[in-house]
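K.L.:
Got my_file_19.cif for you, mmCIF, C-alpha atoms and all ligand atoms:
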```
data_data
loop_
_atom_site.label_atom_id
_atom_site.label_comp_id
_atom_site.auth_asym_id
_atom_site.auth_seq_id
_atom_site.Cartn_x
_atom_site.Cartn_y
_atom_site.Cartn_z
CA MET V 20 0.00 0.00 0.00
CA LEU V 21 1.22 3.49 -0.86
CA ILE V 22 0.40 6.61 1.16
CA THR V 23 1.36 10.22 0.41
CA ARG V 24 1.68 13.29 2.64
CA ARG V 25 1.83 16.75 1.09
CA LEU V 26 3.59 19.71 2.75
CA GLU V 27 4.41 23.20 1.56
CA PHE V 28 7.23 25.63 2.19
CA ASP V 29 8.65 28.88 0.80
CA ALA V 30 12.25 29.23 -0.30
CA GLY V 31 14.46 31.39 -2.45
CA HIS V 32 16.91 30.16 -5.07
CA ARG V 33 18.47 30.89 -8.42
CA ILE V 34 19.97 28.70 -11.14
CA SER V 35 23.24 30.56 -11.63
CA THR V 36 23.97 28.87 -14.97
CA HIS V 37 20.50 29.35 -16.44
CA ASN V 38 20.33 31.23 -19.72
CA SER V 39 17.07 33.01 -18.91
CA GLN V 40 15.09 34.43 -16.00
CA CYS V 41 15.90 31.65 -13.49
CA ARG V 42 19.41 33.03 -12.99
CA HIS V 43 17.85 35.91 -11.06
CA LEU V 44 17.31 35.63 -7.30
CA HIS V 45 13.66 34.60 -6.82
CA GLY V 46 11.48 32.35 -4.71
CA HIS V 47 8.83 29.67 -4.91
CA ARG V 48 6.04 28.22 -2.82
CA TYR V 49 7.38 24.68 -3.06
CA VAL V 50 5.10 21.69 -2.55
CA ILE V 51 6.57 18.37 -1.50
CA GLU V 52 4.68 15.08 -1.72
CA ILE V 53 6.21 12.23 0.25
CA THR V 54 5.13 8.71 -0.73
CA LEU V 55 5.78 5.75 1.54
CA SER V 56 5.02 2.05 1.13
CA GLY V 57 4.22 -0.46 3.83
CA ASN V 58 1.65 -2.87 5.12
CA ILE V 59 -1.55 -1.71 6.77
CA ILE V 60 -1.34 -2.24 10.52
CA SER V 61 -4.04 -4.74 11.49
CA ASP V 62 -3.33 -5.11 15.22
CA GLU V 63 -6.65 -4.76 17.01
CA GLY V 64 -7.02 -1.62 19.13
CA VAL V 65 -3.65 0.07 18.40
CA ALA V 66 -3.65 3.78 17.54
CA GLU V 67 -2.48 3.14 13.97
CA GLN V 68 -4.92 0.28 13.28
CA GLY V 69 -5.93 0.48 9.61
CA MET V 70 -3.04 2.79 8.69
CA VAL V 71 0.33 2.30 7.02
CA MET V 72 1.60 5.23 9.10
CA ASP V 73 -0.22 8.13 10.76
CA PHE V 74 -0.14 11.10 8.32
CA SER V 75 0.64 13.40 11.26
CA GLU V 76 3.76 11.36 12.02
CA ILE V 77 4.98 11.73 8.42
CA LYS V 78 4.44 15.48 8.78
CA ARG V 79 6.30 15.57 12.12
CA ILE V 80 9.37 13.76 10.76
CA ALA V 81 9.43 15.66 7.44
CA LYS V 82 9.18 19.02 9.19
CA GLU V 83 11.92 18.16 11.66
CA VAL V 84 14.52 16.92 9.18
CA LEU V 85 13.69 18.91 6.06
CA VAL V 86 10.74 21.29 5.75
CA ASP V 87 11.52 23.51 8.75
CA LYS V 88 15.15 23.72 7.59
CA TRP V 89 14.27 24.78 4.03
CA ASP V 90 11.24 26.94 4.82
CA HIS V 91 12.06 30.65 4.37
CA ALA V 92 15.66 29.75 3.59
CA PHE V 93 17.66 30.65 0.51
CA LEU V 94 18.82 27.44 -1.19
CA VAL V 95 22.12 28.22 -2.85
CA TYR V 96 24.58 26.22 -4.96
CA ALA V 97 27.94 25.94 -3.17
CA ARG V 98 29.76 27.03 -6.34
CA ASP V 99 27.60 30.15 -6.72
CA THR V 100 30.23 31.97 -4.70
CA LEU V 101 28.99 35.53 -5.26
CA VAL V 102 25.61 34.70 -3.76
CA VAL V 103 27.04 32.43 -1.04
CA GLU V 104 29.32 35.26 0.11
CA PHE V 105 26.50 37.79 -0.05
CA LEU V 106 24.18 35.59 2.04
CA GLN V 107 26.94 34.91 4.55
CA SER V 108 27.40 38.66 4.95
CA LEU V 109 23.79 38.98 6.16
CA LYS V 110 23.53 38.55 9.92
CA ASP V 111 21.66 35.37 10.94
CA HIS V 112 20.37 34.80 7.41
CA LYS V 113 18.73 31.40 6.88
CA THR V 114 20.83 29.92 4.09
CA VAL V 115 21.08 26.30 2.95
CA ILE V 116 24.17 25.56 0.86
CA ILE V 117 23.66 22.68 -1.56
CA ASP V 118 26.32 20.81 -3.54
CA THR V 119 24.26 20.89 -6.76
CA GLN V 120 22.26 23.56 -8.60
CA PRO V 121 18.96 23.99 -6.69
CA THR V 122 16.75 22.81 -9.52
CA ALA V 123 13.53 20.93 -8.86
CA GLU V 124 15.30 17.72 -9.90
CA ASN V 125 18.27 18.16 -7.55
CA LEU V 126 16.15 19.36 -4.64
CA ALA V 127 13.86 16.34 -5.04
CA ILE V 128 16.88 14.00 -4.93
CA LYS V 129 18.35 15.84 -1.94
CA ALA V 130 15.01 15.68 -0.11
CA PHE V 131 14.71 11.97 -0.94
CA HIS V 132 18.07 11.17 0.66
CA ILE V 133 17.35 13.24 3.79
CA LEU V 134 13.86 11.74 4.26
CA ASP V 135 14.99 8.20 3.42
CA LEU V 136 17.50 8.27 6.28
CA ALA V 137 14.96 9.75 8.69
CA PHE V 138 12.25 7.18 7.93
CA GLN V 139 14.79 4.34 8.08
CA ASP V 140 15.96 5.55 11.49
CA ALA V 141 12.41 5.79 12.78
CA TYR V 142 10.81 2.74 11.16
CA GLY V 143 13.57 0.39 9.90
CA ASN V 144 12.20 -2.01 7.30
CA ARG V 145 8.53 -1.58 8.22
CA LEU V 146 8.17 1.35 5.80
CA ALA V 147 10.03 2.46 2.68
CA LEU V 148 10.21 5.89 1.15
CA GLU V 149 9.19 5.32 -2.48
CA GLN V 150 9.02 8.77 -4.01
CA VAL V 151 9.49 12.46 -3.33
CA ARG V 152 7.62 14.73 -5.74
CA LEU V 153 8.74 18.35 -5.56
CA TYR V 154 6.66 21.06 -7.22
CA GLU V 155 8.59 24.22 -7.99
CA THR V 156 5.48 25.83 -9.46
CA PRO V 157 1.98 24.40 -9.87
CA ASN V 158 3.01 23.50 -13.44
CA CYS V 159 6.57 22.19 -12.89
CA TRP V 160 7.70 19.30 -10.74
CA ALA V 161 10.30 16.55 -10.41
CA ASP V 162 9.96 13.01 -9.09
CA ALA V 163 12.79 11.30 -7.21
CA ARG V 164 11.84 7.61 -7.13
CA ARG V 165 13.76 4.95 -5.26
CA GLU V 166 14.23 2.79 -8.34
CA ILE V 167 15.51 5.77 -10.35
CA ILE V 168 17.88 7.39 -7.88
CA ASN V 169 19.36 4.05 -6.77
CA HIS V 170 20.79 3.84 -10.30
CA THR V 171 22.39 7.29 -10.33
CA ASN V 172 25.51 8.58 -8.54
CA ASN V 173 23.70 11.44 -6.88
CA PRO V 174 24.71 11.81 -3.22
N1 LIG V 201 14.04 21.12 -15.60
C1 LIG V 201 14.00 22.30 -14.94
N2 LIG V 201 13.77 23.43 -15.62
C2 LIG V 201 13.72 24.60 -14.95
C3 LIG V 201 13.87 24.63 -13.55
C4 LIG V 201 14.12 23.41 -12.88
O1 LIG V 201 14.27 23.35 -11.65
N3 LIG V 201 14.16 22.27 -13.59
N4 LIG V 201 13.74 25.80 -12.89
C5 LIG V 201 13.46 26.94 -13.51
C6 LIG V 201 13.23 28.20 -12.72
O2 LIG V 201 13.65 28.04 -11.40
C7 LIG V 201 11.82 28.85 -12.75
O3 LIG V 201 11.48 29.40 -11.48
C8 LIG V 201 10.65 28.03 -13.17
O4 LIG V 201 10.58 28.09 -14.55
P1 LIG V 201 9.43 28.55 -15.53
O5 LIG V 201 8.88 27.35 -16.17
O6 LIG V 201 10.00 29.59 -16.40
O7 LIG V 201 8.37 29.12 -14.52
P2 LIG V 201 7.25 30.19 -14.71
O8 LIG V 201 7.06 30.86 -13.42
O9 LIG V 201 7.50 31.05 -15.89
O10 LIG V 201 6.03 29.24 -14.95
P3 LIG V 201 4.67 29.47 -15.70
O11 LIG V 201 3.88 28.25 -15.39
O12 LIG V 201 5.01 29.58 -17.16
O13 LIG V 201 4.10 30.72 -15.14
C9 LIG V 201 13.39 26.99 -14.97
N5 LIG V 201 13.48 25.74 -15.62
ZN ZN V 202 12.89 29.07 -9.70
#
```
Represent the supplied structure as structure tokens.

P.N.:
Amino acid sequence: MLITRRLEFDAGHRISTHNSQCRHLHGHRYVIEITLSGNIISDEGVAEQGMVMDFSEIKRIAKEVLVDKWDHAFLVYARDTLVVEFLQSLKDHKTVIIDTQPTAENLAIKAFHILDLAFQDAYGNRLALEQVRLYETPNCWADARREIINHTNNP
């Protein structure tokens, strides 16, 4: 059985190598959809009876390890040195430095790895993170799926 929890956050970014408007500093209302697989809990009388995992628990873990860290942050490529240095010059600015361009594709992969570790730590083999879908705009999104990213060298 597959279940999906959707969360939203705001963040700034730019694609420093882009040949059009995305090289400018700008922001998005990102939407992340986290899909997990597992068996439905059938134990009589337990709080999660009938569920793969409580949706509120997915939200709690995702906020703690990812969403609260990226929300209202500027997501910047480590090699975009002009912007990295500018952000570091701002006192207490919420900046997240990423080792790849902060495209929807790379952010979805990054989010997958962060969430995969967190769900493994909390639930071992009982649940598996199957997919992270990251919407950059309502019309543009990227899917990081376990079977796809296991075959790439992305960190
Ligand atoms: N494959 C990708 N292409 C683009 C990405 C990306 O992450 N992956 N990102 C951008 C920009 O960040 C941009 O913010 C979004 O691009 P764009 O399609 O131009 O967005 P619009 O706001 O113009 O969307 P509309 O739906 O047309 O209003 C660019 N490309
Ligand atoms: Zn953008």

K.L.:
Kindly work out which residues sit at most 6 Å from ligand LIG 201 (chain V), using all atoms listed in the file, and give the list as a short mmCIF file (atom, residue, chain, number, x, y, z; two decimals) with C-alpha atoms, in the frame of the given file.

P.N.:
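Ended up saving to result.cif:
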```
data_model
loop_
_atom_site.label_atom_id
_atom_site.label_comp_id
_atom_site.auth_asym_id
_atom_site.auth_seq_id
_atom_site.Cartn_x
_atom_site.Cartn_y
_atom_site.Cartn_z
CA CYS V 41 15.90 31.65 -13.49
CA THR V 122 16.75 22.81 -9.52
CA ALA V 123 13.53 20.93 -8.86
CA GLU V 124 15.30 17.72 -9.90
CA ASN V 158 3.01 23.50 -13.44
#
```

K.L.:
Would you list the residues that come within 8 Å of ligand ZN 202 (chain V)? Count all atoms listed in the file and give the answer as a list in words.

P.N.:
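The neighbouring residues of ligand ZN 202 (chain V) are, in order, Gly31, His32, Arg33, Ile34, Cys41, His45, Gly46, His47, Thr122 and Glu155 of chain V.
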
K.L.:
Skip V:Asp90 itself and residues of its chain fewer than 4 positions away, then list as a ChimeraX atom specification all residues within 10 Å of it, counting all atoms listed in the file.

P.N.:
/V:27-31,48-49,82,85-86,94,113

K.L.:
Closest to V:Ile168 among V:Ala66, V:Ile128, V:Leu44, V:Ala97, using all atoms listed in the file?

P.N.:
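Using all atoms listed in the file, V:Ile168 sits closest to V:Ile128.
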
K.L.:
Counting all atoms listed in the file, which residue out of V:Arg152, V:Arg165, V:Arg145, V:Arg42 sits closest to V:Tyr96?

P.N.:
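Checking each candidate against V:Tyr96, we get V:Arg42 as the closest.
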
K.L.:
What's the separation between atom CA of V:Leu136 and atom CA of V:Gln107, in Å to one decimal place?

P.N.:
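It comes out at 28.3 Å.
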
K.L.:
Grab the atom CA of V:Gln150 to atom CA of V:Ile116 distance for me, in Å with one decimal place.

P.N.:
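Separation of atom CA of V:Gln150 and atom CA of V:Ile116: 23.1 Å.
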
K.L.:
Mind giving me the straight-line distance from atom CA of V:Asp135 to atom CA of V:Ala81 in Å, one decimal?

P.N.:
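Separation between atom CA of V:Asp135 and atom CA of V:Ala81: 10.1 Å.
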